[in-house]
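Below is one structure, written out as structure tokens, with a few remarks after it.
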Amino acid sequence: MFGLSKADTRLFLIVIGLTLFAPFILNPFPEGSELAQFNAGYPDLMQRFLIFGIFAIGFNILFGLTGYLSFGHAAFLGVGSYAGVWMFKLLGMNVLPAILLSMLVAGLFSVLVGYISLRRSGIYFSILTLAFAQMSFSLAYSVLTPITGGETGLQLSANDPRIFGQSITDAGTIPVPSLFGLEMRDSFQLDVGAWLFTFNAGYYLCAVFMVLAFYLSIRIFRSPFGMMLRAVKSNQQRMTYTGLNPKPYTLAAFVISGMYAGLAGGLMVAMDPLAGAERMFWTASGEVVLMAILGGVGTLIGPVLGAGFIKYMENIVSKINDNILHQWFSFLPDGLEDVVVAIIYPFIGKGWHLTLGIMFMLVVIFLPGGLVEGGQRIGGWIGRRFGKGGSSAEAAAKPDAKSSPAE
Amino acid sequence: MSKLDLGRRRVLKTGAIAGAGLAMPTIFTAQSAAAYTNEPTGSSVVLGFNVPQTGPYADEGLDELRAYELAVEHLNGEGDGGMMNTFSSKALKGNGILGKKVEYVTGDTQTKSDAARASAKSMIEKDGAVMITGGSSSGVAVAVQALCQDAGVIFMAGLTHANDTTGKDKRANGFRHFFNSYMSGAALAPVLANQYGTDRNAYYLTADYNWGYTTEEAISSATEAMGWNTVQKVLTPLAATDFSSYIAPVLNSDADVLVLVHYGGNMVNSLTNAVQFGLRDRVVNGKNFEIVVPLYSELMARGAGKNIAGIFGSQNWDWKFQDEGSKAFVQSFGTKYGFPPSQAAHTCYVQTLLYADAVERAGTFNPCGVVEALEGFEFDGMGNGPTLYRAEDHQCFKDVVVVKGKENPENEFDLVEQVEITPVEQVTYAPDHPQFAGGSLGACNPGA
Amino acid sequence: MDAFILQILNGLDKGSAYALIALGLTLIFGTLGVVNFAHGALFMLGAFCAVVLSRILSIAHVTVDPTRTDFLGNPLKVSTPYVHEWFGPEAGQTLIEWSVPLAILFSIPIMVAVGFAMERGLIKYFYKRPHADQILVTFGLAIVLQEVIKYFFGANPIPTPAPDALVGSFDFGALLGFDPGTIIYPYWRLIYFMFAAAVIAAVFAFLQFTTFGMVVRAGMADRETVGLLGINIDRRFTIMFAIAACVAGMAGVMYTPINSPNYHMGMDFLVLSFVVVVVGGMGSLPGAVFAGFLLGVLESFASMPAITTVIPGINQVIIYLVAIVILLTRPRGLMGRKGVMEE
């Protein structure tokens with residue numbers, strides 16, 4: 001189906017299913033229960049999962065296949081976001097032109113950066129990309145403030161021209177991003193007993209793009225072009241000796257992954273029309289590297305898992321405070337409750353970075369192949385236990401995960 | 001959240017397919033019954049406290065969080081009531097807000113506008129917060145304020161000092177109690193002219209981002225009006241940690257005053273470096289060289305240690321104020337936490353009480369009602385003397401305190417001494433003042 | 001002219017911090033082949049050794065003075081450091097004041113132990129792993145170290161001044177015949193520069209003139225052959241890791257009077273020091289040191305008002321711009337070896 005092999009089709013269908021039913025899957029705990037804190041099924045976070053998933057998939061096309069470790073990928077995301085917001089300011093609030101322009105601008109910028117940076121390889125390449133991204137960030141934060149909004153970020157205002165839309169709505173507010181009238185923040189809520197599920201228009205737009213992006217990534221991985229990129233990684237010299245010039249292939253991969261980043265940036269502003277300079281800071285570039293490694297470099301689904309993991313930590317764990325902890329453990333005797341809370345407290349809320357750091361270390365120490373390998377092990381264990389092949393998403397990703405993590 | 005037919009049909013379909021797979025019975029609710037975003041229907045109301053918990057401003061954020069927890073206690077009728085006893089409006093009864101118990105959620109802004117918005121959105125979408133407050137930088141305040149405007153909830157700004165928050169980027173749903181760059185300039189300039197004379201050459205080192213720009217402009221135009229001369233304005237990168245290469249050129253200029261338009265870690269480092277280079281001991285044009293820091297904060301002063309001795313700056317509030325409101329607040333904060341509150345904690349505490357009071361007076365949580373109740377509201381007993389929430393720009397107008405770093409601090413909290421309380425008339429400006437031009441409040445947005 | 005000289009001094013001073021960190025990074029990288037993202041955190045740990053020592057020296061016993069009250073109206077608690085009681089108030093105060101120089105001695109065993117534990121307990125298992133895994137695990141470790149420090153010391157910078165005797169500045173202007181007061185430079189920054197120069201010289205001498213150093217250099221060039229010669233190269237590399245950690249730690253201790261330490265100071269240096277290492281050329285110790293000073297000096301010049309008024313924002317990007325130019329004109333940085341980290 002879809003021109004994919006059987007295993008790939010299965011993986012693809014699973015991804016479609018997961019994105020489609022995410023509002024259910026991510027909200028497993030009843031509203032109002034103590035564990036509702038862990039629910040992630042609200043529009044903003046679900047959108048973020050997909051957007052950063054797209055970003056990581058794109059990054060993986062470059063890093064996972066060619067082994068070129070870009071340390072400045074966030075710059076493309078940032079440039080894309082700025083382009084998107086400018087479209088909202090100048091043209092109108094339809095998201096499609098904004099997303100298209102985001103991809104286009106990010107693509108052009110990545111041609112420039114890629115053309116220069118790809119003259120070097122290894123860590124020299126990484127530092128070149130880092131340098132470009134850091135320059136973009138510094139300038140956007142300071143001297144380019146008239147174009148980028150600087151510290152505050154670029155945001156819409158009631159004075160924007162918006163030639164094909166209104167500057168200001170009849171109600172006196174700034175219009176919101178929409179797809180031919182369908183507002184991105186429109187939601188439908190479904191009450192099922194104690195559960196509350198939210199279906200958000202913006203989320204499903206992201207889902208469409210994410211599924212397409214994932215499909216394209218499978219096709220690239222399985223294509224002759226993908227083969228070439230793997231050849232670049234395994235032995236560039238040999239490739240040159242056979243008369244092939246690796247440069248156009250790597251540049252193409254670089255630009256494709258830059259456009260993925262631009263798409264992510266465009267979707268980000270379509271969901272929330274503000275572009276901050278921090279999304280180009282080196283930590284943001286580092287984050288996507290970590291997402292890819294954490295999930296499993298070179299695997300199809302790994303980077304998406306890594307992205308979900310990091311965003312979940314950032315948005316859920318950081319919001320648990322001592323007050324909530326005390327509620328959770330209120331069934332314990334007073335003294336014991338305080339002890340338990342005191343032990344857990346450093347790891348949540350303001351300590352979420354600590355938990356993140358520990359998780360990075362644990363995953364990389366015990367699961368060299370990233371989260372995907374964790375999934376395989378569980379799948380394998382279930383398979384052995386019940387005497388059947390694991391049918392989980394991770395198992396489907398298995399043949400692919402064998403390609404060893406990249407340098 | 002608004003509901004359009006197209007959107008609804010589309011998701012209805014998805015919902016129906018999904019729902020079919022689940023155990024029945026299923027109840028479909030259209031939430032359009034609500035009159036405004038996150039209308040509290042139960043016995044409690046949720047407020048969102050969005051402060052930096054990681055990154056360089058984490059300590060300031062934690063102090064804000066302490067103040068919020070204290071405010072919630074007082075609103076719910078626990079503790080000694082703090083400023084509720086001294087507040088001129090007596091609408092609050094200590095039984096929550098409109099009889100609903102106050103609950104809160106916390107989030108981490110990371111001092112990044114993106115992360116702050118993500119955190120605020122999760123409070124609005126997931127936790128049903130009806131008001132967002134907090135923050136420790138103007139970039140974050142402006143970004144979250146715009147978000148709250150779009151979402152239809154009230155934003156009560158925390159520590160934000162740039163003019164833009166209630167100037168170019170003001171929003172109808174946003175309110176600021178903290179003072180701003182213009183007020184710092186207007187309060188500092190006369191004191192500086194008085195102390196250092198009107199014939200001074202000032203050299204500016206300015207943080208290269210929005211807050212730096214507006215503060216530099218405010219201070220330089222206010223001091224130039226007093227007769228000072230601006231020698232040079234130099235922008236320094238936010239990421240700079242060692243300011244030696246910016247301080248050194250000061251030695252070769254004929255400047256006799258250095259104005260450090262820096263905040264947080266930047267300020268700690270630039271001031272430390274300036275003192276290292278012996279600027280305090282210099283004599284230029286027959287005058288002692290002086291350093292000025294427009295915006296003081298207790299945590300910065302603590303970080304800079306002895307270097308702040310004798311250096312002038314401005315503050316929104318200081319815990320050593322002797323009015324009844326301040327004393328009550330310091331007493332209850334100090335009793336609970338063991339040390340005095342910072343000005344960030346004060347402004348956050350006051351903002352929470354002001355919001356609760358406005359809801360109580362309006363009789364509704366509807367943002368439009370709250371906006372109406374806060375606009376033009378005059379109050380007293382909150383630590384800054386008689387204060388006005390101006391309707392035109394949602395900025396509080398109150399006295400500003402000019403302080404000076406203490407020479408011999410008695411303990412680690414006793415860092416500054418008050419030099420002068422600048423009366424409110426002197427720091428008031430017209431709503432269309434050029435430093436605040438270019439924005440409009442728009443209409444209040446109740447969302448839903 | 002005087003402005004020029006001042007900026008060279010500033011550049012050398014900034015450069016010494018870069019060079020010290022880059023030197024340690026290159027030592028670890030060149031010997032163990034490990035990309036250590038936790039190196040900045042080691043620098044930060046060193047700085048906090050100074051904070052801890054000054055806290056230890058300031059440990060006080062608390063007496064209640066009923067005649068005075070604190071801000072809440074309770075009787076005031078007065079704390080007197082034990083060292084004041086043991087050595088008399090003056091000698092005791094001097095001891096506390098000198099905590100930063102003393103912390104050098106204090107930090108050496110601690111940093112060696114930290115380095116040793118880190119290499120044996122963690123890094124050892126990552127020699128054969130891809131660089132990406134090394135980056136992830138050391139970055140995770142850096143976050144953990146940083147957050148632990150934040151948990152105990154808060155996020156705010158902690159003032160750790162130099163001893164009073166070393167505060168103040170030296171007037172080069174008078175020495176060189178300029179007007180007095182035009183070229184002055186703080187004593188502590190001069191000390192920092194000389195300290196850095198001494199440490200760098202010591203590391204080079206150690207590698208160049210000792211048998212141990214010779215073996216390590218041989219191991220850097222061809223680890224397998226040295227191993228085949230029956231030399232326990234791993235053990236020596238562990239020691240090199242400890243030395244590198246120690247260099248970073250001492251750099252951190254000495255840096256505290258220049259800028260008050262905070263928990264994220266290591267991250268602030270991390271990216272810059274990687275740029276320095278790469279511009280110097282992977283695997284080259286002289287390259288790292290030279291690039292450190294070069295970038296420090298260029299950064300200082302770029303921040304002069306005369307230059308920023310002509311090209312606004314140049315001070316924001318100068319380091320990265322120089323890095324790009326150098327890497328495009330010299331493929332392996334200034335002194336890089338062929339084939340190192342190029343695949």
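Identifiers in this document derive from the order of the structure tokens: chains are assigned A, B, ..., residues are numbered from 1 separately in each chain, and ligands are numbered from 1 in order of occurrence.
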Find the spatial neighbours of region 153-161 of chain C, counting only C-alpha atoms, within a cut-off of 6 Å - ignore same-chain residues fewer than 6 positions away - and output them as a count of residues only. 10
Could you list, as a PyMOL selection string, the residues of chain C having an atom within 7 Å of chain A when counting only C-alpha atoms? chain C and resi 130-133+136-137+140-141+143-144+147+275+278+313+316-317+320+324+331+341-343
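In this comparison, which uses only C-alpha atoms, the residue of C:Met118, C:Met254, C:Ile28, C:Val276 approaching Val289 (chain C) most closely is C:Val276.
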If you run DSSP over the backbone, which residues in region 70-293 of chain B end up helix (DSSP H, G or I)? Put them as a PyMOL selection string. chain B and resi 70-75+82-85+113-125+138-151+163-166+181-196+210-225+244-251+265-276+279-281
Using only C-alpha atoms, which residue out of B:Leu295, B:Ala186, B:Ala120, B:Val153 lies closest to Gly369 (chain B)?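 Answer, going by the shortest atom-to-atom distance: B:Val153.
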